[in-house]
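**Q** See model-v8.txt below, with compact mmCIF, C-alpha atoms.
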# COMPACT_ATOMS: atom_id res chain seq x y z
CA MET A 1 -24.27 0.95 -38.21
CA PRO A 2 -21.77 -1.76 -37.24
CA SER A 3 -19.70 -0.88 -34.20
CA THR A 4 -16.03 -0.17 -34.64
CA PRO A 5 -13.94 -2.98 -33.15
CA LYS A 6 -11.72 -1.99 -30.25
CA VAL A 7 -8.08 -1.85 -31.27
CA ARG A 8 -5.82 -3.70 -28.87
CA ALA A 9 -2.12 -3.21 -28.46
CA PRO A 10 0.01 -6.06 -29.80
CA LEU A 11 0.78 -8.63 -27.12
CA ALA A 12 4.53 -8.09 -27.48
CA ARG A 13 4.16 -4.35 -26.93
CA THR A 14 1.83 -4.81 -23.95
CA GLY A 15 4.12 -7.41 -22.42
CA MET A 16 7.17 -5.17 -22.74
CA ARG A 17 5.33 -2.21 -21.22
CA ASP A 18 4.37 -4.37 -18.24
CA LYS A 19 7.94 -5.63 -17.86
CA ILE A 20 9.36 -2.11 -17.94
CA LYS A 21 6.85 -0.95 -15.34
CA LYS A 22 7.54 -3.92 -13.08
CA VAL A 23 11.30 -3.37 -13.13
CA ALA A 24 10.97 0.40 -12.75
CA THR A 25 8.59 -0.05 -9.81
CA GLU A 26 11.11 -2.23 -8.00
CA LEU A 27 13.91 0.27 -8.61
CA LEU A 28 11.74 3.18 -7.48
CA ILE A 29 10.91 1.41 -4.23
CA LYS A 30 14.54 0.50 -3.59
CA HIS A 31 16.23 3.71 -4.71
CA GLY A 32 13.61 6.44 -5.12
CA PHE A 33 13.02 8.76 -8.06
CA HIS A 34 16.62 9.86 -8.47
CA GLY A 35 17.95 6.32 -8.12
CA MET A 36 15.82 4.90 -10.94
CA SER A 37 17.32 5.48 -14.39
CA PHE A 38 16.25 4.42 -17.86
CA ARG A 39 19.69 2.84 -18.28
CA ASP A 40 19.21 0.56 -15.28
CA VAL A 41 15.69 -0.38 -16.39
CA ALA A 42 16.90 -1.07 -19.93
CA GLU A 43 19.71 -3.33 -18.68
CA ARG A 44 17.32 -5.31 -16.50
CA CYS A 45 14.83 -5.67 -19.37
CA ASP A 46 17.55 -6.38 -21.97
CA ILE A 47 16.36 -3.52 -24.19
CA THR A 48 17.59 -0.05 -25.14
CA THR A 49 16.67 3.21 -23.45
CA THR A 50 15.15 4.27 -26.77
CA ASN A 51 12.68 1.42 -26.37
CA ILE A 52 11.56 2.82 -22.99
CA HIS A 53 11.18 6.29 -24.49
CA TYR A 54 9.07 4.74 -27.25
CA HIS A 55 6.67 3.19 -24.74
CA PHE A 56 6.50 5.95 -22.13
CA GLY A 57 8.15 9.11 -23.42
CA SER A 58 9.83 10.71 -20.41
CA LYS A 59 10.83 9.46 -16.98
CA GLN A 60 8.08 11.59 -15.43
CA GLN A 61 5.47 9.96 -17.68
CA LEU A 62 6.67 6.49 -16.74
CA VAL A 63 6.56 7.34 -13.03
CA GLU A 64 3.10 8.89 -13.37
CA GLU A 65 1.71 5.68 -14.87
CA ILE A 66 3.45 3.48 -12.31
CA VAL A 67 2.21 5.54 -9.37
CA ALA A 68 -1.36 5.67 -10.69
CA ASP A 69 -1.45 1.88 -11.13
CA TYR A 70 0.18 1.19 -7.76
CA VAL A 71 -2.15 3.53 -5.88
CA GLU A 72 -5.19 2.03 -7.58
CA GLU A 73 -4.14 -1.53 -6.74
CA THR A 74 -3.15 -0.72 -3.14
CA GLY A 75 -6.30 1.31 -2.57
CA ALA A 76 -8.42 -1.56 -3.88
CA ARG A 77 -6.79 -4.00 -1.47
CA HIS A 78 -7.47 -1.69 1.45
CA ARG A 79 -11.06 -1.20 0.39
CA ALA A 80 -11.49 -4.98 0.20
CA ILE A 81 -10.28 -5.22 3.79
CA TRP A 82 -12.08 -2.30 5.39
CA LEU A 83 -15.40 -2.69 3.58
CA ASP A 84 -15.72 -6.42 4.32
CA GLU A 85 -18.81 -6.48 6.53
CA ASN A 86 -18.11 -10.05 7.65
CA ARG A 87 -14.90 -9.14 9.46
CA SER A 88 -14.55 -7.45 12.85
CA LEU A 89 -12.48 -4.31 13.35
CA PRO A 90 -9.63 -6.27 15.01
CA ASP A 91 -9.67 -8.73 12.09
CA LYS A 92 -9.43 -5.82 9.66
CA LEU A 93 -6.45 -4.40 11.52
CA ARG A 94 -4.72 -7.78 11.36
CA SER A 95 -5.52 -8.11 7.67
CA VAL A 96 -3.86 -4.75 7.02
CA VAL A 97 -0.76 -5.94 8.87
CA ALA A 98 -0.78 -9.18 6.87
CA TYR A 99 -1.07 -7.25 3.61
CA ASN A 100 1.79 -4.96 4.62
CA HIS A 101 3.89 -7.97 5.54
CA GLU A 102 3.18 -9.51 2.15
CA ARG A 103 4.66 -6.42 0.48
CA TYR A 104 7.46 -6.07 3.05
CA ARG A 105 8.71 -9.61 2.30
CA ARG A 106 9.29 -8.75 -1.34
CA PHE A 107 12.17 -6.48 -0.31
CA ASN A 108 13.21 -7.77 3.12
CA ARG A 109 14.28 -11.11 4.58
CA GLY A 110 12.78 -12.09 7.90
CA LYS A 111 11.26 -9.34 10.00
CA VAL A 112 14.38 -7.53 11.18
CA SER A 113 15.21 -5.29 8.25
CA GLY A 114 14.42 -1.74 7.30
CA ARG A 115 14.57 -1.67 3.53
CA PRO A 116 11.85 0.34 1.73
CA TRP A 117 8.91 -1.79 0.56
CA SER A 118 6.13 0.63 -0.36
CA LEU A 119 6.17 2.79 -3.48
CA ILE A 120 3.77 5.25 -1.87
CA GLY A 121 5.90 5.70 1.23
CA ARG A 122 9.13 5.86 -0.79
CA LEU A 123 7.99 8.44 -3.33
CA ARG A 124 6.45 10.70 -0.72
CA LEU A 125 10.06 11.44 0.21
CA ASP A 126 10.63 12.58 -3.39
CA SER A 127 7.39 14.53 -3.81
CA ASP A 128 9.26 17.76 -4.59
CA VAL A 129 10.58 16.32 -7.86
CA LEU A 130 7.45 14.46 -8.95
CA SER A 131 5.00 15.81 -11.49
CA PRO A 132 1.66 17.27 -10.31
CA ALA A 133 -0.11 14.18 -11.67
CA ALA A 134 2.09 11.81 -9.67
CA ARG A 135 1.66 13.88 -6.51
CA ALA A 136 -2.10 13.88 -7.02
CA SER A 137 -2.09 10.08 -7.30
CA LEU A 138 -0.13 9.75 -4.05
CA ALA A 139 -2.53 12.12 -2.29
CA SER A 140 -5.54 10.17 -3.55
CA PHE A 141 -4.38 7.10 -1.63
CA THR A 142 -4.95 8.84 1.70
CA VAL A 143 -8.39 9.98 0.56
CA THR A 144 -9.35 6.47 -0.54
CA VAL A 145 -8.10 4.80 2.64
CA HIS A 146 -9.63 7.43 4.92
CA ALA A 147 -13.04 6.99 3.29
CA ALA A 148 -12.85 3.19 3.58
CA ILE A 149 -11.79 3.28 7.23
CA ASP A 150 -14.51 5.80 8.05
CA GLN A 151 -17.06 3.43 6.52
CA ALA A 152 -15.64 0.51 8.49
CA PHE A 153 -16.01 2.35 11.79
CA ALA A 154 -19.46 3.62 10.82
CA HIS A 155 -20.53 0.05 10.07
CA ALA A 156 -19.09 -1.15 13.39
CA ALA A 157 -21.06 1.53 15.22
CA ALA A 158 -24.27 0.76 13.32
CA THR A 159 -24.05 -2.98 14.03
CA GLY A 160 -23.23 -2.53 17.71
CA GLU A 161 -19.65 -3.78 17.51
CA LEU A 162 -18.48 -0.34 18.60
CA ALA A 163 -19.90 1.41 21.66
CA LYS A 164 -22.28 4.31 21.05
CA ASP A 165 -20.02 6.76 22.90
CA ALA A 166 -16.92 5.75 20.94
CA PRO A 167 -15.04 8.67 19.34
CA ARG A 168 -15.47 7.02 15.96
CA GLU A 169 -13.91 9.74 13.83
CA ASP A 170 -10.91 10.07 16.15
CA LEU A 171 -10.30 6.31 16.12
CA ALA A 172 -10.56 6.24 12.33
CA LEU A 173 -8.11 9.12 12.03
CA LEU A 174 -5.57 7.30 14.20
CA VAL A 175 -5.87 4.18 12.03
CA VAL A 176 -5.48 6.22 8.83
CA ASN A 177 -2.22 7.59 10.18
CA LEU A 178 -1.09 4.10 11.18
CA VAL A 179 -1.72 2.90 7.65
CA ASN A 180 -0.07 5.93 6.06
CA SER A 181 3.08 5.71 8.16
CA SER A 182 3.58 1.93 8.12
CA SER A 183 6.40 1.81 5.59
CA VAL A 184 8.29 4.73 7.14
CA PHE A 185 7.81 3.17 10.59
CA THR A 186 9.46 -0.11 9.58
CA GLN A 187 12.35 1.77 7.95
CA ASP A 188 12.95 3.88 11.06
CA ALA A 189 12.61 0.91 13.43
CA GLY A 190 14.49 -1.50 11.16
CA SER A 191 11.93 -4.18 11.98
CA PHE A 192 8.50 -5.33 10.87
CA GLU A 193 7.92 -6.73 14.35
CA ARG A 194 7.77 -3.19 15.71
CA LEU A 195 4.96 -2.41 13.30
CA GLU A 196 3.06 -5.48 14.48
CA GLN A 197 3.54 -4.34 18.06
CA PHE A 198 2.33 -0.86 17.16
CA PHE A 199 -0.89 -2.13 15.59
CA GLY A 200 -1.38 -4.51 18.50
CA ALA A 201 -0.92 -1.69 21.00
CA PHE A 202 -3.57 0.36 19.23
CA GLU A 203 -6.01 -2.54 19.46
CA ARG A 204 -5.33 -3.19 23.13
CA VAL A 205 -5.07 0.39 24.38
CA MET A 206 -7.56 2.24 22.19
CA LEU A 207 -9.88 -0.05 20.31
CA ASP A 208 -10.72 -2.51 23.08
CA LEU A 209 -11.94 0.38 25.21
CA TYR A 210 -14.84 0.88 22.83
CA LEU A 211 -15.51 -2.58 21.43
CA VAL A 212 -18.77 -4.02 22.75
CA LYS A 213 -17.39 -7.51 22.20
CA PRO A 214 -13.60 -7.07 22.41
CA SER A 215 -11.29 -9.67 21.01
CA SER A 216 -9.93 -12.30 23.37
CA PRO A 217 -6.80 -11.41 25.40
CA THR A 218 -4.89 -14.17 23.65
CA ALA A 219 -5.79 -12.85 20.21
CA SER A 220 -4.93 -9.29 21.19
CA ARG A 221 -1.50 -10.18 22.47
CA SER A 222 -0.68 -12.37 19.46
CA PHE A 223 -0.81 -9.70 16.79
CA GLN A 224 1.09 -11.51 14.04
CA ALA A 225 0.95 -11.00 10.31
CA SER A 226 0.01 -14.56 9.49
CA ALA A 227 -3.54 -14.43 8.19
CA PRO A 228 -3.75 -13.69 4.45
CA ALA A 229 -5.45 -10.47 3.43
CA PRO A 230 -8.47 -10.69 1.11
CA THR A 231 -7.86 -10.17 -2.57
Take the structure from the file and write it as C-alpha cells.

**A**
Amino acid sequence: MPSTPKVRAPLARTGMRDKIKKVATELLIKHGFHGMSFRDVAERCDITTTNIHYHFGSKQQLVEEIVADYVEETGARHRAIWLDENRSLPDKLRSVVAYNHERYRRFNRGKVSGRPWSLIGRLRLDSDVLSPAARASLASFTVTVHAAIDQAFAHAAATGELAKDAPREDLALLVVNLVNSSSVFTQDAGSFERLEQFFGAFERVMLDLYLVKPSSPTASRSFQASAPAPT
C-alpha cells in the first residue's frame, strides 16, 4: 500500500509560531512568567492575542513548549562540549564559559551587568506557578548536564588526564552546580567577569590538583570567554 504523505504545517503558520515563541522567550527571560503577557507578545509580533491562542491555546501551553525547546537546545550544546573527546577538561570549562557569555551578551552590554540571560535560571524562580510539564523540563536539564559531565570526567580518568585518586564524582558534582548557578551568579554579582573568575578559581584550586597534565599557568590565569563553543 502506498504510504500516506506527511502533512506539514503551512509555512506562514510555522513562521508565526516561531516568531511568537522567540518574542515570548525574550520576555520570559527579561520579566519572568508573570511579566510575560499575550498582549505584549501580540504587540511585538503585530498580531492579536486571539492569534496566539489559536497557535498555543493557553499561556501555560506556550510556556511549556518554549521551555521544552530551550532545555533541549541548551542541553544539546552542553553535551557537545562535555562529550567532545578531543578537548581537555580545562578546555571544556572554558567552552562552557564562552557559551554562557554568548547567551549573556544577548541581554547585557559589556560584562558589568546583571540582567537575566538564561530562561532556565529565570523560570526556576517562578517554578511554583509553572505547570508540571514545564517544571519537569527544567528538572531534566540538570539530569542531562550531570550525565554529560560525569561522562567527561570518566573519560578523563580513563585516558589518564585525571589522576587515579581524583574524587571524580565530587569534582563533577561541583561543576554541575557551577553550571546550574551561572545565571543566578551573574545576576547577584552584577558582572560576567565574576563568573569567569569563579570558573577559573575552580580550575586552579580544584581541578589542577588532580590533572596529570595541568594547563599552563598562563592559560589558567587567563580564563576569558573568548573561544567559541562547539555547535

**Q** Work out how far apart atom CA of A:Gly160 and atom CA of A:Gln197 are and give it in Å to one decimal.

**A**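 That distance, rounded to one decimal, is 26.8 Å.
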
**Q** So that I can check the surroundings of A:Phe185, please list as a PyMOL selection string every protein, DNA and RNA residue that reaches within 9 Å of it, counting all atoms listed in the file and ignoring chain neighbours fewer than 5 positions away.

**A** chain A and resi 114+178+190-192+194-195

**Q** Of the candidates A:Met206, A:Val184, A:Val143, A:Ala157, which one gets nearest to A:Val71 if we count all atoms listed in the file?

**A** A:Val143

**Q** Kindly give the distance, in Å, that separates atom CA of A:Glu73 and atom CA of A:Thr159, rounded to a single decimal.

**A**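 Value for the atom CA of A:Glu73-atom CA of A:Thr159 distance: 28.8 Å.
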
**Q** Skip stretch 37-45 of chain A itself and residues of its chain fewer than 6 positions away, then list as an NGL selection string all residues within 12 Å of it, counting only C-alpha atoms.

**A** :A and (15-28 or 31 or 51-60 or 62-63)

**Q** In terms of the shortest atom-to-atom distance over all atoms listed in the file, which of A:Glu203, A:Glu65, A:Asp128, A:Asp84 is closest to A:Val175?

**A**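 For A:Val175, the nearest of the candidates is A:Glu203.
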
**Q** Here is a test: counting all atoms listed in the file, which residue of A:Leu173, A:Ala98, A:Ala136, A:Val129 is nearest to A:His34?

**A**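 The shortest atom-to-atom distance to A:His34 comes from A:Val129.
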
**Q** From the set A:Ala68, A:Leu209, A:Ala163, A:Ala152, which residue has the shortest atom-to-atom contact distance to A:Ser88, counting all atoms listed in the file?

**A**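 Closest to A:Ser88 of all the choices is A:Ala152.
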
**Q** Between A:Arg77, A:Lys30, A:Arg168, A:Arg122, which has the minimum distance to A:Ser95 (counting only C-alpha atoms)?

**A**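 For A:Ser95, the nearest of the given residues is A:Arg77.
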
**Q** Give me stretch 33-68 of chain A with N, CA and C atoms filled in, as a short mmCIF file (atom, residue, chain, number, x, y, z; two decimals), in the coordinates of the input.

**A**
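Wrote it out as result.cif, contents follow:
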data_model
loop_
_atom_site.label_atom_id
_atom_site.label_comp_id
_atom_site.auth_asym_id
_atom_site.auth_seq_id
_atom_site.Cartn_x
_atom_site.Cartn_y
_atom_site.Cartn_z
N PHE A 33 13.12 8.17 -6.73
CA PHE A 33 13.02 8.76 -8.06
C PHE A 33 14.40 8.97 -8.68
N HIS A 34 15.30 9.56 -7.92
CA HIS A 34 16.62 9.86 -8.47
C HIS A 34 17.43 8.60 -8.72
N GLY A 35 17.17 7.55 -7.98
CA GLY A 35 17.95 6.32 -8.12
C GLY A 35 17.46 5.38 -9.20
N MET A 36 16.34 5.72 -9.84
CA MET A 36 15.82 4.90 -10.94
C MET A 36 16.15 5.58 -12.27
N SER A 37 16.94 4.92 -13.10
CA SER A 37 17.32 5.48 -14.39
C SER A 37 16.84 4.59 -15.52
N PHE A 38 16.63 5.19 -16.68
CA PHE A 38 16.25 4.42 -17.86
C PHE A 38 17.34 3.41 -18.20
N ARG A 39 18.60 3.76 -17.97
CA ARG A 39 19.69 2.84 -18.28
C ARG A 39 19.59 1.58 -17.45
N ASP A 40 19.33 1.74 -16.14
CA ASP A 40 19.21 0.56 -15.28
C ASP A 40 18.01 -0.29 -15.66
N VAL A 41 16.89 0.37 -15.98
CA VAL A 41 15.69 -0.38 -16.39
C VAL A 41 15.96 -1.13 -17.68
N ALA A 42 16.61 -0.45 -18.63
CA ALA A 42 16.90 -1.07 -19.93
C ALA A 42 17.79 -2.30 -19.77
N GLU A 43 18.81 -2.19 -18.90
CA GLU A 43 19.71 -3.33 -18.68
C GLU A 43 18.96 -4.51 -18.07
N ARG A 44 18.08 -4.23 -17.13
CA ARG A 44 17.32 -5.31 -16.50
C ARG A 44 16.34 -5.95 -17.47
N CYS A 45 15.82 -5.16 -18.40
CA CYS A 45 14.83 -5.67 -19.37
C CYS A 45 15.47 -6.16 -20.66
N ASP A 46 16.80 -5.97 -20.77
CA ASP A 46 17.55 -6.38 -21.97
C ASP A 46 17.01 -5.67 -23.21
N ILE A 47 16.81 -4.35 -23.08
CA ILE A 47 16.36 -3.52 -24.19
C ILE A 47 17.20 -2.25 -24.19
N THR A 48 16.90 -1.33 -25.10
CA THR A 48 17.59 -0.05 -25.14
C THR A 48 16.76 1.02 -24.45
N THR A 49 17.42 2.11 -24.06
CA THR A 49 16.67 3.21 -23.45
C THR A 49 15.71 3.84 -24.46
N THR A 50 16.05 3.76 -25.73
CA THR A 50 15.15 4.27 -26.77
C THR A 50 13.83 3.52 -26.74
N ASN A 51 13.89 2.23 -26.45
CA ASN A 51 12.68 1.42 -26.37
C ASN A 51 11.78 1.93 -25.25
N ILE A 52 12.36 2.30 -24.11
CA ILE A 52 11.56 2.82 -22.99
C ILE A 52 10.94 4.16 -23.38
N HIS A 53 11.73 5.01 -24.04
CA HIS A 53 11.18 6.29 -24.49
C HIS A 53 10.02 6.07 -25.47
N TYR A 54 10.13 5.05 -26.30
CA TYR A 54 9.07 4.74 -27.25
C TYR A 54 7.77 4.40 -26.52
N HIS A 55 7.87 3.63 -25.47
CA HIS A 55 6.67 3.19 -24.74
C HIS A 55 6.11 4.26 -23.82
N PHE A 56 6.98 5.06 -23.18
CA PHE A 56 6.50 5.95 -22.13
C PHE A 56 6.88 7.42 -22.31
N GLY A 57 7.74 7.72 -23.26
CA GLY A 57 8.15 9.11 -23.42
C GLY A 57 9.22 9.47 -22.41
N SER A 58 8.86 10.24 -21.39
CA SER A 58 9.83 10.71 -20.41
C SER A 58 9.79 9.88 -19.13
N LYS A 59 10.78 10.12 -18.28
CA LYS A 59 10.83 9.46 -16.98
C LYS A 59 9.61 9.86 -16.14
N GLN A 60 9.24 11.13 -16.19
CA GLN A 60 8.08 11.59 -15.43
C GLN A 60 6.81 10.88 -15.88
N GLN A 61 6.66 10.65 -17.17
CA GLN A 61 5.47 9.96 -17.68
C GLN A 61 5.44 8.50 -17.23
N LEU A 62 6.58 7.87 -17.22
CA LEU A 62 6.67 6.49 -16.74
C LEU A 62 6.29 6.43 -15.27
N VAL A 63 6.85 7.32 -14.47
CA VAL A 63 6.56 7.34 -13.03
C VAL A 63 5.09 7.64 -12.78
N GLU A 64 4.53 8.56 -13.53
CA GLU A 64 3.10 8.89 -13.37
C GLU A 64 2.23 7.65 -13.55
N GLU A 65 2.52 6.88 -14.60
CA GLU A 65 1.71 5.68 -14.87
C GLU A 65 1.92 4.62 -13.79
N ILE A 66 3.16 4.45 -13.36
CA ILE A 66 3.45 3.48 -12.31
C ILE A 66 2.74 3.83 -11.02
N VAL A 67 2.83 5.10 -10.61
CA VAL A 67 2.21 5.54 -9.37
C VAL A 67 0.69 5.39 -9.43
N ALA A 68 0.10 5.78 -10.55
CA ALA A 68 -1.36 5.67 -10.69
C ALA A 68 -1.81 4.22 -10.55
#
